[in-house]
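Novice: Structure below; questions to follow.
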Amino acid sequence: MNIYNVVSKAYDLLEIIFFSEKGKNPVNVILEMVPDRKIRVLDMCCGTLSNTITIAKEKPAVKVMGLDLSEQMLRVAKKKVNRQGMKNVYLKCADAAKTGLPDKSFDYIIIGLVLHESCPEFIKRIMAESNRLLKDEGNIVILEWERQKKFCKFIKFAPLYLLESLHCRTFKKFYLADKKMYFENYGFDVTREEHCNYTVVLKLKKRKGRIDNGNETSSGV
């Protein structure tokens, strides 16, 4: 059995368990945030395109590039694209921290359920690369797990919380962090915040200035 086919099914299962109950579905929120016009969207660490395939399907004017380091995951994504006959999706196998893509080439960058399981050094690099790839008036959309305040949701999320904590030693610190302040440290302002089922979707805008190796520097203005 191909392990990546199992993983892709696990992603679909996560959507069923955590996103399908009554309340805001983060995939629909991301869809609503992306305008329906001729723009370029990059799905960083796209996996099987679970976060952006709906955008490509519902908004054919939008060109979506899915980028991931795993060729096997991209094969699963390609099967989804081919099955639905979509012509506005492009896939690229590359490191999200060093994509090799041109500067300022995307209007939107989507990073979905990636950062919580990444080490601080990789987060610094992926945010710096996103800053480089994003147009000056572009936006980054971040999807991440959110701390659960309701007891019933806390209990339901607990097994995943435990698994994530065991998988990544920095998960708890990122999970509990004030996300607005967190992304300000990388030179981005949170312009919109939508609380969804077990997750939060943040829309980020470039701050005046630039990022140098993950550290914000003044533009001299």
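The chains in the structure tokens are called A, B, ... from first to last as shown; in each chain the residues are counted from 1, and the ligands are counted from 1 in the order shown.
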With a distance cut-off of 12 Å and only C-alpha atoms, select the neighbouring residues of A:Gly85, excluding the residue or stretch itself and same-chain residues fewer than 6 positions from it, and output the selection as a list in words.

Specialist: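 Neighbouring residues, sequence-local ones excluded: Ile53, Ala56, Lys57, Pro60, Lys78 and Lys79 of chain A.
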
Novice: Restricting it to all heavy atoms, dump the selection as a short mmCIF file (atom, residue, chain, number, x, y, z; two decimals), in the first residue's frame.

Specialist:
```
data_model
loop_
_atom_site.label_atom_id
_atom_site.label_comp_id
_atom_site.auth_asym_id
_atom_site.auth_seq_id
_atom_site.Cartn_x
_atom_site.Cartn_y
_atom_site.Cartn_z
N ILE A 53 -8.02 23.34 -3.88
CA ILE A 53 -8.66 22.75 -5.05
C ILE A 53 -10.07 23.33 -5.26
O ILE A 53 -10.53 23.47 -6.40
CB ILE A 53 -8.70 21.21 -4.95
CG1 ILE A 53 -8.95 20.60 -6.35
CG2 ILE A 53 -9.71 20.73 -3.94
CD1 ILE A 53 -8.64 19.13 -6.44
N ALA A 56 -9.69 26.61 -7.19
CA ALA A 56 -9.47 26.37 -8.61
C ALA A 56 -10.75 25.94 -9.31
O ALA A 56 -11.00 26.31 -10.47
CB ALA A 56 -8.39 25.30 -8.79
N LYS A 57 -11.58 25.19 -8.63
CA LYS A 57 -12.82 24.68 -9.22
C LYS A 57 -13.89 25.77 -9.32
O LYS A 57 -14.55 25.92 -10.35
CB LYS A 57 -13.34 23.50 -8.39
CG LYS A 57 -14.59 22.85 -8.95
CD LYS A 57 -15.02 21.67 -8.09
CE LYS A 57 -16.27 21.01 -8.64
NZ LYS A 57 -16.70 19.86 -7.79
N PRO A 60 -12.44 29.75 -11.89
CA PRO A 60 -11.54 29.34 -12.98
C PRO A 60 -10.62 30.45 -13.48
O PRO A 60 -9.63 30.17 -14.16
CB PRO A 60 -12.51 28.88 -14.07
CG PRO A 60 -13.82 29.51 -13.75
CD PRO A 60 -13.86 29.60 -12.25
N LYS A 78 -2.25 15.64 -8.36
CA LYS A 78 -2.44 15.65 -9.81
C LYS A 78 -3.62 14.77 -10.21
O LYS A 78 -4.38 15.11 -11.14
CB LYS A 78 -1.17 15.16 -10.51
CG LYS A 78 -1.23 15.30 -12.03
CD LYS A 78 0.10 14.92 -12.67
CE LYS A 78 0.03 15.10 -14.18
NZ LYS A 78 1.34 14.74 -14.82
N LYS A 79 -3.81 13.66 -9.53
CA LYS A 79 -4.95 12.80 -9.82
C LYS A 79 -6.26 13.54 -9.55
O LYS A 79 -7.22 13.41 -10.31
CB LYS A 79 -4.88 11.52 -8.97
CG LYS A 79 -3.79 10.55 -9.41
CD LYS A 79 -3.77 9.32 -8.53
CE LYS A 79 -2.68 8.34 -8.97
NZ LYS A 79 -2.62 7.15 -8.07
#
```

Novice: Would you please give, as a list in words, all residues of stretch 50-84 of chain A that DSSP assigns to helix (DSSP H, G or I) based on the backbone?

Specialist: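 Filtering stretch 50-84 of chain A to helix (DSSP H, G or I) leaves Ile53, Thr54, Ile55, Ala56, Lys57, Glu58, Glu71, Gln72, Met73, Leu74, Arg75, Val76, Ala77, Lys78, Lys79, Lys80, Val81, Asn82, Arg83 and Gln84 of chain A.
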
Novice: For each of A:Met33, A:Val27, A:Val76, A:Ala61, take the minimum atom-to-atom distance to A:Leu113, counting only C-alpha atoms, then give the residue where this is smallest.

Specialist: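 That would be A:Val27, the residue with the smallest distance to A:Leu113.
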
Novice: May I ask for the distance between atom CA of A:Pro120 and atom CA of A:Ala177, given in Å to one decimal place?

Specialist: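 Result for atom CA of A:Pro120 versus atom CA of A:Ala177: 12.8 Å, one decimal.
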
Novice: Give me every strand (DSSP E) residue in stretch 2-198 of chain A, going by DSSP on the backbone, as a PyMOL selection string.

Specialist: chain A and resi 40-44+63-68+89-93+106-112+134-145+188-195

Novice: Keeping only C-alpha atoms, write the selected residues as an mmCIF file, in the first residue's frame.

Specialist:
```cif
data_model
loop_
_atom_site.group_PDB
_atom_site.id
_atom_site.type_symbol
_atom_site.label_atom_id
_atom_site.label_comp_id
_atom_site.auth_asym_id
_atom_site.auth_seq_id
_atom_site.Cartn_x
_atom_site.Cartn_y
_atom_site.Cartn_z
ATOM 1 C CA ARG A 40 -2.074 34.046 -9.106
ATOM 2 C CA VAL A 41 -2.336 31.966 -5.943
ATOM 3 C CA LEU A 42 0.476 29.890 -4.447
ATOM 4 C CA ASP A 43 -0.411 27.027 -2.110
ATOM 5 C CA MET A 44 2.737 26.531 -0.007
ATOM 6 C CA LYS A 63 -4.398 30.412 -11.472
ATOM 7 C CA VAL A 64 -3.340 28.143 -8.625
ATOM 8 C CA MET A 65 0.164 26.746 -8.161
ATOM 9 C CA GLY A 66 0.532 23.938 -5.657
ATOM 10 C CA LEU A 67 4.064 23.596 -4.306
ATOM 11 C CA ASP A 68 5.344 20.723 -2.202
ATOM 12 C CA VAL A 89 -3.791 24.365 -11.599
ATOM 13 C CA TYR A 90 -0.027 23.934 -11.837
ATOM 14 C CA LEU A 91 2.118 21.763 -9.586
ATOM 15 C CA LYS A 92 5.759 22.257 -8.653
ATOM 16 C CA CYS A 93 8.067 20.056 -6.595
ATOM 17 C CA PHE A 106 1.823 35.951 -6.563
ATOM 18 C CA ASP A 107 -1.231 37.901 -5.416
ATOM 19 C CA TYR A 108 -2.125 35.413 -2.683
ATOM 20 C CA ILE A 109 -0.078 32.828 -0.801
ATOM 21 C CA ILE A 110 -1.874 30.193 1.244
ATOM 22 C CA ILE A 111 -0.127 28.314 4.052
ATOM 23 C CA GLY A 112 -2.528 25.783 5.508
ATOM 24 C CA LEU A 134 4.264 38.151 -2.660
ATOM 25 C CA LYS A 135 3.334 41.251 -4.622
ATOM 26 C CA ASP A 136 3.417 44.503 -2.648
ATOM 27 C CA GLU A 137 -0.389 44.616 -2.394
ATOM 28 C CA GLY A 138 -0.735 40.860 -2.037
ATOM 29 C CA ASN A 139 -2.009 38.810 0.898
ATOM 30 C CA ILE A 140 -0.990 35.711 2.802
ATOM 31 C CA VAL A 141 -3.752 33.472 4.144
ATOM 32 C CA ILE A 142 -2.772 31.325 7.125
ATOM 33 C CA LEU A 143 -4.856 28.387 8.330
ATOM 34 C CA GLU A 144 -3.891 27.005 11.739
ATOM 35 C CA TRP A 145 -5.295 25.072 14.661
ATOM 36 C CA PHE A 188 3.126 41.185 8.406
ATOM 37 C CA ASP A 189 -0.027 42.775 9.804
ATOM 38 C CA VAL A 190 -3.141 40.693 10.422
ATOM 39 C CA THR A 191 -5.945 42.458 8.549
ATOM 40 C CA ARG A 192 -8.649 39.850 9.074
ATOM 41 C CA GLU A 193 -9.251 37.022 11.527
ATOM 42 C CA GLU A 194 -11.941 34.367 11.137
ATOM 43 C CA HIS A 195 -12.545 31.783 13.850
#
```

Novice: Would you kindly return, as an MDAnalysis selection string, each protein, DNA or RNA residue with an atom no farther than 10 Å from any atom of A:Thr54, considering only C-alpha atoms and excluding same-chain residues fewer than 2 positions away?

Specialist: chainID A and resid 27:28 30:31 49:52 56:59

Novice: So, with only C-alpha atoms as the atoms that count, which of A:Phe157, A:Asn131, A:Asn88, A:Ile126 lies closest to A:Lys205?

Specialist: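 Closest candidate: A:Asn131.
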
Novice: Determine, counting only C-alpha atoms, which protein, DNA and RNA residues have an atom within 12 Å of an atom of A:Asp178; residues of the same chain fewer than 3 positions away are not included. Present the result as a list in words.

Specialist: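 In the requested form, the answer reads Glu146, Arg147, Lys173, Phe174, Tyr175, Met181, Tyr182, Phe183, Glu184, Asn185, Val190, Val200 and Leu202 of chain A.
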
Novice: I'd like to know which of A:Ala77, A:Ala96, A:Val62, A:Val29 is closest to A:Leu133, using only C-alpha atoms.

Specialist: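 Using only C-alpha atoms, the shortest distance to A:Leu133 belongs to A:Ala96.
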
Novice: Smallest atom-to-atom distance to A:Gln148: which of A:Arg132, A:Asp103, A:Lys172, A:Tyr198, using only C-alpha atoms?

Specialist: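 Under the stated criterion, the closest residue is A:Tyr198.
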
Novice: Take atom CA of A:Lys180 and atom CA of A:Lys203 and report the distance between them in Å, one decimal.

Specialist: 10.2 Å
